[in-house]
$ cat my_file.txt   # compact mmCIF, C-alpha atoms
# COMPACT_ATOMS: atom_id res chain seq x y z
CA MET Z 26 -3.05 -4.45 -13.60
CA THR Z 27 -3.65 -5.40 -9.94
CA THR Z 28 -0.88 -4.39 -7.54
CA ARG Z 29 0.44 -7.34 -5.59
CA LYS Z 30 0.03 -7.23 -1.83
CA ARG Z 31 3.19 -6.77 0.21
CA LEU Z 32 3.93 -9.51 2.74
CA ALA Z 33 6.44 -9.36 5.58
CA ILE Z 34 7.83 -12.62 6.97
CA PHE Z 35 9.14 -12.09 10.49
CA TYR Z 36 12.12 -14.22 11.44
CA HIS Z 37 14.47 -14.43 14.39
CA HIS Z 38 16.21 -17.77 14.10
CA PRO Z 39 15.74 -20.23 15.77
CA PHE Z 40 12.67 -18.55 17.26
CA CYS Z 41 10.45 -17.98 14.23
CA SER Z 42 12.94 -20.04 12.26
CA ILE Z 43 14.53 -19.20 8.94
CA GLN Z 44 13.57 -22.67 7.64
CA SER Z 45 9.88 -22.01 8.26
CA ALA Z 46 10.25 -18.47 6.89
CA HIS Z 47 11.82 -19.81 3.68
CA GLY Z 48 9.03 -22.37 3.39
CA ILE Z 49 6.43 -19.60 3.56
CA TYR Z 50 8.37 -17.67 0.93
CA ASN Z 51 8.56 -20.69 -1.38
CA ALA Z 52 4.82 -21.24 -1.09
CA LEU Z 53 3.75 -17.62 -1.58
CA HIS Z 54 6.35 -15.71 -3.60
CA ASP Z 55 4.46 -16.06 -6.90
CA ASP Z 56 1.48 -14.16 -5.46
CA TYR Z 57 3.01 -11.53 -3.16
CA THR Z 58 5.90 -9.11 -2.91
CA ILE Z 59 7.76 -10.55 0.08
CA ASP Z 60 10.38 -9.18 2.47
CA PHE Z 61 12.10 -11.01 5.31
CA VAL Z 62 12.14 -8.74 8.36
CA ASP Z 63 13.52 -9.05 11.88
CA ASN Z 64 12.02 -5.75 13.05
CA LEU Z 65 8.43 -4.62 12.87
CA ASP Z 66 8.78 -0.89 13.45
CA ASN Z 67 7.61 -0.31 9.86
CA VAL Z 68 5.11 -3.16 9.56
CA SER Z 69 2.40 -0.69 8.46
CA LYS Z 70 3.83 -0.61 4.93
CA TYR Z 71 2.75 -4.24 4.43
CA GLN Z 72 -0.67 -5.79 3.95
CA ILE Z 73 0.16 -9.23 5.41
CA LEU Z 74 2.41 -10.18 8.31
CA ALA Z 75 3.50 -13.81 8.50
CA VAL Z 76 4.97 -15.13 11.75
CA PRO Z 77 6.41 -18.61 11.18
CA GLY Z 78 7.08 -21.62 13.36
CA GLY Z 79 10.14 -22.13 15.51
CA ILE Z 80 11.14 -23.07 19.03
CA GLY Z 81 9.86 -19.96 20.76
CA ASP Z 82 8.29 -19.90 24.21
CA SER Z 83 7.11 -17.23 26.63
CA ASP Z 84 10.68 -16.10 27.34
CA SER Z 85 11.55 -15.67 23.66
CA TYR Z 86 8.27 -13.84 23.03
CA HIS Z 87 9.13 -11.24 25.66
CA GLN Z 88 12.61 -10.94 24.19
CA ILE Z 89 11.86 -10.57 20.48
CA LEU Z 90 8.19 -9.75 19.86
CA GLU Z 91 6.54 -8.13 22.87
CA HIS Z 92 8.04 -4.76 21.94
CA TYR Z 93 6.00 -4.84 18.71
CA LYS Z 94 2.68 -5.79 20.29
CA PRO Z 95 1.06 -2.34 19.87
CA ASN Z 96 2.26 -2.15 16.24
CA ILE Z 97 0.79 -5.55 15.42
CA GLN Z 98 -2.51 -4.86 17.17
CA GLU Z 99 -2.88 -1.65 15.18
CA PHE Z 100 -1.71 -3.36 11.98
CA ILE Z 101 -4.41 -6.05 11.94
CA LYS Z 102 -7.25 -3.55 12.14
CA ASN Z 103 -6.93 -3.13 8.38
CA ASN Z 104 -4.45 -5.83 7.37
CA TYR Z 105 -3.79 -9.55 7.89
CA TYR Z 106 -1.80 -11.80 10.21
CA LEU Z 107 -0.70 -15.32 9.22
CA GLY Z 108 0.60 -17.41 12.12
CA ILE Z 109 1.97 -20.92 11.68
CA CYS Z 110 2.70 -23.11 14.73
CA MET Z 111 4.62 -20.73 17.04
CA GLY Z 112 3.25 -17.78 15.10
CA ALA Z 113 -0.24 -19.06 15.85
CA TYR Z 114 0.53 -19.55 19.56
CA TRP Z 115 1.77 -15.97 19.76
CA ALA Z 116 -1.52 -14.59 18.37
CA SER Z 117 -3.32 -15.78 21.52
CA LYS Z 118 -4.52 -13.69 24.44
CA ILE Z 119 -1.51 -14.37 26.67
CA TYR Z 120 0.91 -13.05 24.05
CA LEU Z 121 -0.11 -10.59 21.30
CA ASP Z 122 -3.78 -10.70 22.32
CA LEU Z 123 -5.10 -10.62 18.76
CA THR Z 124 -8.10 -12.92 19.30
CA THR Z 125 -10.31 -14.47 21.97
CA VAL Z 126 -9.81 -17.88 20.31
CA SER Z 127 -7.80 -20.18 22.58
CA VAL Z 128 -4.55 -21.57 21.17
CA THR Z 129 -3.26 -24.67 22.95
CA GLN Z 130 -0.93 -27.63 22.38
CA TYR Z 131 -2.52 -30.36 20.30
CA ILE Z 132 -0.45 -33.05 22.04
CA LYS Z 133 -2.26 -32.21 25.29
CA ALA Z 134 -5.76 -32.38 23.82
CA GLN Z 135 -8.09 -35.35 24.37
CA ASN Z 136 -7.96 -38.37 22.06
CA THR Z 137 -4.84 -37.30 20.18
CA GLU Z 138 -2.70 -39.78 18.28
CA ILE Z 139 0.49 -38.09 19.51
CA ARG Z 140 1.63 -37.17 23.01
CA ARG Z 141 5.27 -36.17 22.53
CA SER Z 142 6.99 -33.27 20.79
CA PHE Z 143 9.00 -34.39 17.76
CA GLY Z 144 9.03 -33.88 14.00
CA THR Z 145 6.57 -36.17 12.26
CA THR Z 146 3.50 -36.07 10.03
CA LEU Z 147 -0.13 -36.24 11.14
CA ASN Z 148 -3.29 -36.90 9.22
CA VAL Z 149 -5.01 -33.58 8.61
CA ARG Z 150 -8.38 -33.16 6.91
CA TRP Z 151 -7.99 -29.93 4.94
CA ASN Z 152 -11.08 -28.80 3.05
CA ARG Z 153 -12.48 -32.35 3.36
CA LYS Z 154 -9.40 -33.99 1.80
CA HIS Z 155 -6.87 -35.93 3.89
CA TYR Z 156 -3.15 -35.10 3.92
CA ASP Z 157 -0.12 -36.31 5.88
CA MET Z 158 1.14 -32.91 7.02
CA TYR Z 159 4.37 -32.04 8.83
CA PHE Z 160 3.82 -31.45 12.54
CA TYR Z 161 6.08 -30.42 15.41
CA ASP Z 162 4.23 -29.62 18.65
CA GLY Z 163 1.65 -27.54 16.79
CA CYS Z 164 -1.46 -25.99 18.23
CA THR Z 165 -5.18 -26.50 18.10
CA PHE Z 166 -7.94 -23.95 18.64
CA GLY Z 167 -10.93 -23.59 20.94
CA ASN Z 168 -13.47 -21.03 22.11
CA LEU Z 169 -14.38 -20.38 18.48
CA HIS Z 170 -16.74 -17.50 17.79
CA LYS Z 171 -19.20 -17.19 14.90
CA GLN Z 172 -16.73 -15.44 12.62
CA VAL Z 173 -14.17 -18.24 12.76
CA LYS Z 174 -13.98 -20.57 9.77
CA VAL Z 175 -12.37 -23.96 10.35
CA ILE Z 176 -10.32 -24.86 7.28
CA ALA Z 177 -8.62 -28.03 8.57
CA ARG Z 178 -9.02 -30.55 11.37
CA TYR Z 179 -6.82 -33.17 13.01
CA ALA Z 180 -7.78 -36.83 13.25
CA ASN Z 181 -9.67 -36.25 16.53
CA ASP Z 182 -11.69 -33.46 14.84
CA ASN Z 183 -9.92 -30.65 16.71
CA PRO Z 184 -9.33 -27.58 14.54
CA ALA Z 185 -5.91 -27.53 12.85
CA ALA Z 186 -6.26 -24.37 10.74
CA ILE Z 187 -8.70 -21.49 11.14
CA ILE Z 188 -9.50 -18.09 9.68
CA ASP Z 189 -10.75 -15.55 12.20
CA THR Z 190 -12.44 -13.13 9.81
CA LYS Z 191 -13.36 -10.71 12.60
CA ASN Z 192 -9.72 -10.16 13.55
CA HIS Z 193 -8.06 -10.72 10.15
CA LEU Z 194 -6.14 -13.77 11.35
CA GLY Z 195 -5.16 -17.01 9.65
CA LEU Z 196 -3.78 -19.51 12.19
CA ILE Z 197 -2.33 -22.95 11.41
CA GLY Z 198 -1.06 -25.65 13.79
CA PRO Z 199 0.85 -28.00 11.43
CA HIS Z 200 3.32 -26.95 8.71
CA PRO Z 201 2.00 -26.71 5.14
CA GLU Z 202 5.05 -24.55 4.34
CA SER Z 203 7.41 -27.48 4.99
CA ASP Z 204 10.14 -28.15 2.41
CA ARG Z 205 11.74 -31.43 1.37
CA SER Z 206 14.70 -30.98 3.72
CA TRP Z 207 12.33 -31.37 6.70
CA TYR Z 208 11.42 -34.95 5.75
CA LYS Z 209 14.05 -37.21 7.27
CA ASN Z 210 14.31 -40.63 8.88
CA HIS Z 211 10.88 -42.22 9.47
CA ILE Z 212 9.06 -39.63 7.33
CA ALA Z 213 11.56 -39.38 4.47
CA ASP Z 214 9.06 -40.78 1.95
CA ARG Z 215 6.14 -38.52 2.97
CA TYR Z 216 7.13 -35.27 1.27
CA HIS Z 217 4.15 -33.53 -0.31
CA HIS Z 218 5.94 -32.39 -3.52
CA GLY Z 219 4.52 -28.89 -3.20
CA ASP Z 220 0.88 -29.89 -2.69
CA HIS Z 221 0.83 -28.39 0.81
CA HIS Z 222 2.33 -25.14 -0.49
CA GLU Z 223 -0.69 -24.85 -2.76
CA LEU Z 224 -2.96 -25.34 0.27
CA LEU Z 225 -1.15 -22.51 2.05
CA ARG Z 226 -1.38 -20.26 -1.00
CA LYS Z 227 -5.16 -20.78 -1.18
CA PHE Z 228 -5.46 -20.34 2.59
CA VAL Z 229 -3.84 -16.91 2.48
CA LYS Z 230 -5.97 -15.91 -0.51
CA LYS Z 231 -9.08 -16.94 1.43
CA LEU Z 232 -7.87 -15.05 4.50
CA THR Z 233 -7.53 -11.79 2.61
CA GLU Z 234 -10.79 -12.20 0.71
CA ASP Z 235 -13.07 -13.54 3.47
CA SER Z 236 -11.93 -10.96 6.01
CA LEU Z 237 -13.34 -8.25 3.75
CA GLU Z 238 -16.89 -9.66 3.98
$ encode --input "my_file.txt" --output "structure tokens"
Amino acid sequence: MTTRKRLAIFYHHPFCSIQSAHGIYNALHDDYTIDFVDNLDNVSKYQILAVPGGIGDSDSYHQILEHYKPNIQEFIKNNYYLGICMGAYWASKIYLDLTTVSVTQYIKAQNTEIRRSFGTTLNVRWNRKHYDMYFYDGCTFGNLHKQVKVIARYANDNPAAIIDTKNHLGLIGPHPESDRSWYKNHIADRYHHGDHHELLRKFVKKLTEDSLE
């Protein structure tokens, strides 16, 4: 019998929000043994660290995550980091410095269909199939090296989800972990009924398998 990998979901609400953390749990709990953690002193006992979305910025990074930077950098030498939205931003060189890939705001990229920060859905082409995926000021990725696999793209063809196999990172701009409670007002009828959770589950499986190549 194969032992299930242990996955830590870091949360510090509203930075790295509990809603996003619960969404990750709902998508992945059938495949992994999951703990919610607000401290990463013992992150080495896990095989995957998930850092969710939230409302974090540079100030909140220095307050809640910078202390763990050496732990996380050591951790990903042999393990895996999943960053969604804010968690993806924080993987970049100016924060945790886990990759040379640039992580920037999609709303500031060229030819985007959105220029403001608010909760909505955007068309995302994920593994060649189109989805309306929850989005709230998510990131896109540039300066891709040869060991980066682009899993999803936005409407303007900018990368929306990538796997950096060299550095054991899976980074996602939009929110495939979103739950029904996120879909209100103008997007109330766009809930994915769990389809996006399945995309996230397969994404994490691919992250852990492809990074071993």
$ atom_distance --input "my_file.txt" --atom1 "CA of His37 (chain Z)" --atom2 "CA of Thr145 (chain Z)"
23.2 Å
$ atom_distance --input "my_file.txt" --atom1 "CA of Ala213 (chain Z)" --atom2 "CA of Met158 (chain Z)"
12.5 Å
$ atom_distance --input "my_file.txt" --atom1 "CA of Ile132 (chain Z)" --atom2 "CA of Asn168 (chain Z)"
17.7 Å
$ residues_around --input "my_file.txt" --residues "Pro39 (chain Z)" --least-positions-apart "4" --cutoff "9 Å" --atoms "all atoms listed in the file" --output "list in words"
Ile43, Gln44, Gly79, Ile80 and Gly81 of chain Z
$ closest_residue --input "my_file.txt" --among "Z:Leu232, Z:Leu224, Z:Ala185, Z:Ile59" --to "Glu202 (chain Z)" --atoms "all atoms listed in the file"
Z:Leu224
$ residues_around --input "my_file.txt" --residues "Leu107 (chain Z)" --least-positions-apart "3" --cutoff "9 Å" --atoms "only C-alpha atoms" --output "PyMOL selection string"
chain Z and resi 73-77+112-113+193-197+229+232
$ closest_residue --input "my_file.txt" --among "Z:Ile188, Z:Ile212, Z:Ile119, Z:Ile89" --to "Leu147 (chain Z)" --atoms "all atoms listed in the file"
Z:Ile212
$ closest_residue --input "my_file.txt" --among "Z:Lys227, Z:Lys70, Z:His217, Z:His92" --to "Ile176 (chain Z)" --atoms "only C-alpha atoms"
Z:Lys227
$ residues_near_point --input "my_file.txt" --point "(1.4, -2.7, 17.2)" --cutoff "12 Å" --atoms "only C-alpha atoms" --output "PDB file with C-alpha atoms, keeping the file's coordinate frame"
ATOM      1  CA  ASN Z  64      12.020  -5.750  13.050  1.00  0.00           C
ATOM      2  CA  LEU Z  65       8.430  -4.620  12.870  1.00  0.00           C
ATOM      3  CA  ASP Z  66       8.780  -0.890  13.450  1.00  0.00           C
ATOM      4  CA  ASN Z  67       7.610  -0.310   9.860  1.00  0.00           C
ATOM      5  CA  VAL Z  68       5.110  -3.160   9.560  1.00  0.00           C
ATOM      6  CA  SER Z  69       2.400  -0.690   8.460  1.00  0.00           C
ATOM      7  CA  LEU Z  74       2.410 -10.180   8.310  1.00  0.00           C
ATOM      8  CA  LEU Z  90       8.190  -9.750  19.860  1.00  0.00           C
ATOM      9  CA  GLU Z  91       6.540  -8.130  22.870  1.00  0.00           C
ATOM     10  CA  HIS Z  92       8.040  -4.760  21.940  1.00  0.00           C
ATOM     11  CA  TYR Z  93       6.000  -4.840  18.710  1.00  0.00           C
ATOM     12  CA  LYS Z  94       2.680  -5.790  20.290  1.00  0.00           C
ATOM     13  CA  PRO Z  95       1.060  -2.340  19.870  1.00  0.00           C
ATOM     14  CA  ASN Z  96       2.260  -2.150  16.240  1.00  0.00           C
ATOM     15  CA  ILE Z  97       0.790  -5.550  15.420  1.00  0.00           C
ATOM     16  CA  GLN Z  98      -2.510  -4.860  17.170  1.00  0.00           C
ATOM     17  CA  GLU Z  99      -2.880  -1.650  15.180  1.00  0.00           C
ATOM     18  CA  PHE Z 100      -1.710  -3.360  11.980  1.00  0.00           C
ATOM     19  CA  ILE Z 101      -4.410  -6.050  11.940  1.00  0.00           C
ATOM     20  CA  LYS Z 102      -7.250  -3.550  12.140  1.00  0.00           C
ATOM     21  CA  ASN Z 104      -4.450  -5.830   7.370  1.00  0.00           C
ATOM     22  CA  TYR Z 106      -1.800 -11.800  10.210  1.00  0.00           C
ATOM     23  CA  LEU Z 121      -0.110 -10.590  21.300  1.00  0.00           C
ATOM     24  CA  ASP Z 122      -3.780 -10.700  22.320  1.00  0.00           C
ATOM     25  CA  LEU Z 123      -5.100 -10.620  18.760  1.00  0.00           C
TER      26      LEU Z 123
END
$ closest_residue --input "my_file.txt" --among "Z:Lys191, Z:Arg31, Z:His222, Z:Lys231" --to "Gly48 (chain Z)" --atoms "only C-alpha atoms"
Z:His222
$ residues_around --input "my_file.txt" --residues "Ala46 (chain Z)" --least-positions-apart "6" --cutoff "8 Å" --atoms "all atoms listed in the file" --output "number ranges by chain"
Z: 34-36, 61, 76-78
$ closest_residue --input "my_file.txt" --among "Z:Lys209, Z:Gly219, Z:Asp84, Z:Lys174" --to "Asp235 (chain Z)" --atoms "all atoms listed in the file"
Z:Lys174
$ residues_around --input "my_file.txt" --residues "Gly144 (chain Z)" --least-positions-apart "3" --cutoff "12 Å" --atoms "only C-alpha atoms" --output "short mmCIF file (atom, residue, chain, number, x, y, z; two decimals) with C-alpha atoms, in the coordinates of the input"
data_model
loop_
_atom_site.label_atom_id
_atom_site.label_comp_id
_atom_site.auth_asym_id
_atom_site.auth_seq_id
_atom_site.Cartn_x
_atom_site.Cartn_y
_atom_site.Cartn_z
CA GLY Z 79 10.14 -22.13 15.51
CA ILE Z 139 0.49 -38.09 19.51
CA ARG Z 141 5.27 -36.17 22.53
CA LEU Z 147 -0.13 -36.24 11.14
CA MET Z 158 1.14 -32.91 7.02
CA TYR Z 159 4.37 -32.04 8.83
CA PHE Z 160 3.82 -31.45 12.54
CA TYR Z 161 6.08 -30.42 15.41
CA ASP Z 162 4.23 -29.62 18.65
CA GLY Z 163 1.65 -27.54 16.79
CA PRO Z 199 0.85 -28.00 11.43
CA HIS Z 200 3.32 -26.95 8.71
CA SER Z 203 7.41 -27.48 4.99
CA TRP Z 207 12.33 -31.37 6.70
CA TYR Z 208 11.42 -34.95 5.75
CA LYS Z 209 14.05 -37.21 7.27
CA ASN Z 210 14.31 -40.63 8.88
CA HIS Z 211 10.88 -42.22 9.47
CA ILE Z 212 9.06 -39.63 7.33
CA ALA Z 213 11.56 -39.38 4.47
#
$ residues_around --input "my_file.txt" --residues "Val126 (chain Z)" --least-positions-apart "2" --cutoff "9 Å" --atoms "only C-alpha atoms" --output "mmCIF file with C-alpha atoms, in the coordinates of the input"
data_model
loop_
_atom_site.group_PDB
_atom_site.id
_atom_site.type_symbol
_atom_site.label_atom_id
_atom_site.label_comp_id
_atom_site.auth_asym_id
_atom_site.auth_seq_id
_atom_site.Cartn_x
_atom_site.Cartn_y
_atom_site.Cartn_z
ATOM 1 C CA SER Z 117 -3.320 -15.780 21.520
ATOM 2 C CA LYS Z 118 -4.520 -13.690 24.440
ATOM 3 C CA LEU Z 123 -5.100 -10.620 18.760
ATOM 4 C CA THR Z 124 -8.100 -12.920 19.300
ATOM 5 C CA VAL Z 128 -4.550 -21.570 21.170
ATOM 6 C CA PHE Z 166 -7.940 -23.950 18.640
ATOM 7 C CA GLY Z 167 -10.930 -23.590 20.940
ATOM 8 C CA ASN Z 168 -13.470 -21.030 22.110
ATOM 9 C CA LEU Z 169 -14.380 -20.380 18.480
ATOM 10 C CA HIS Z 170 -16.740 -17.500 17.790
ATOM 11 C CA VAL Z 173 -14.170 -18.240 12.760
ATOM 12 C CA ASP Z 189 -10.750 -15.550 12.200
#
$ closest_residue --input "my_file.txt" --among "Z:Ser42, Z:Ser85, Z:Thr28, Z:Ala177" --to "Thr58 (chain Z)" --atoms "all atoms listed in the file"
Z:Thr28
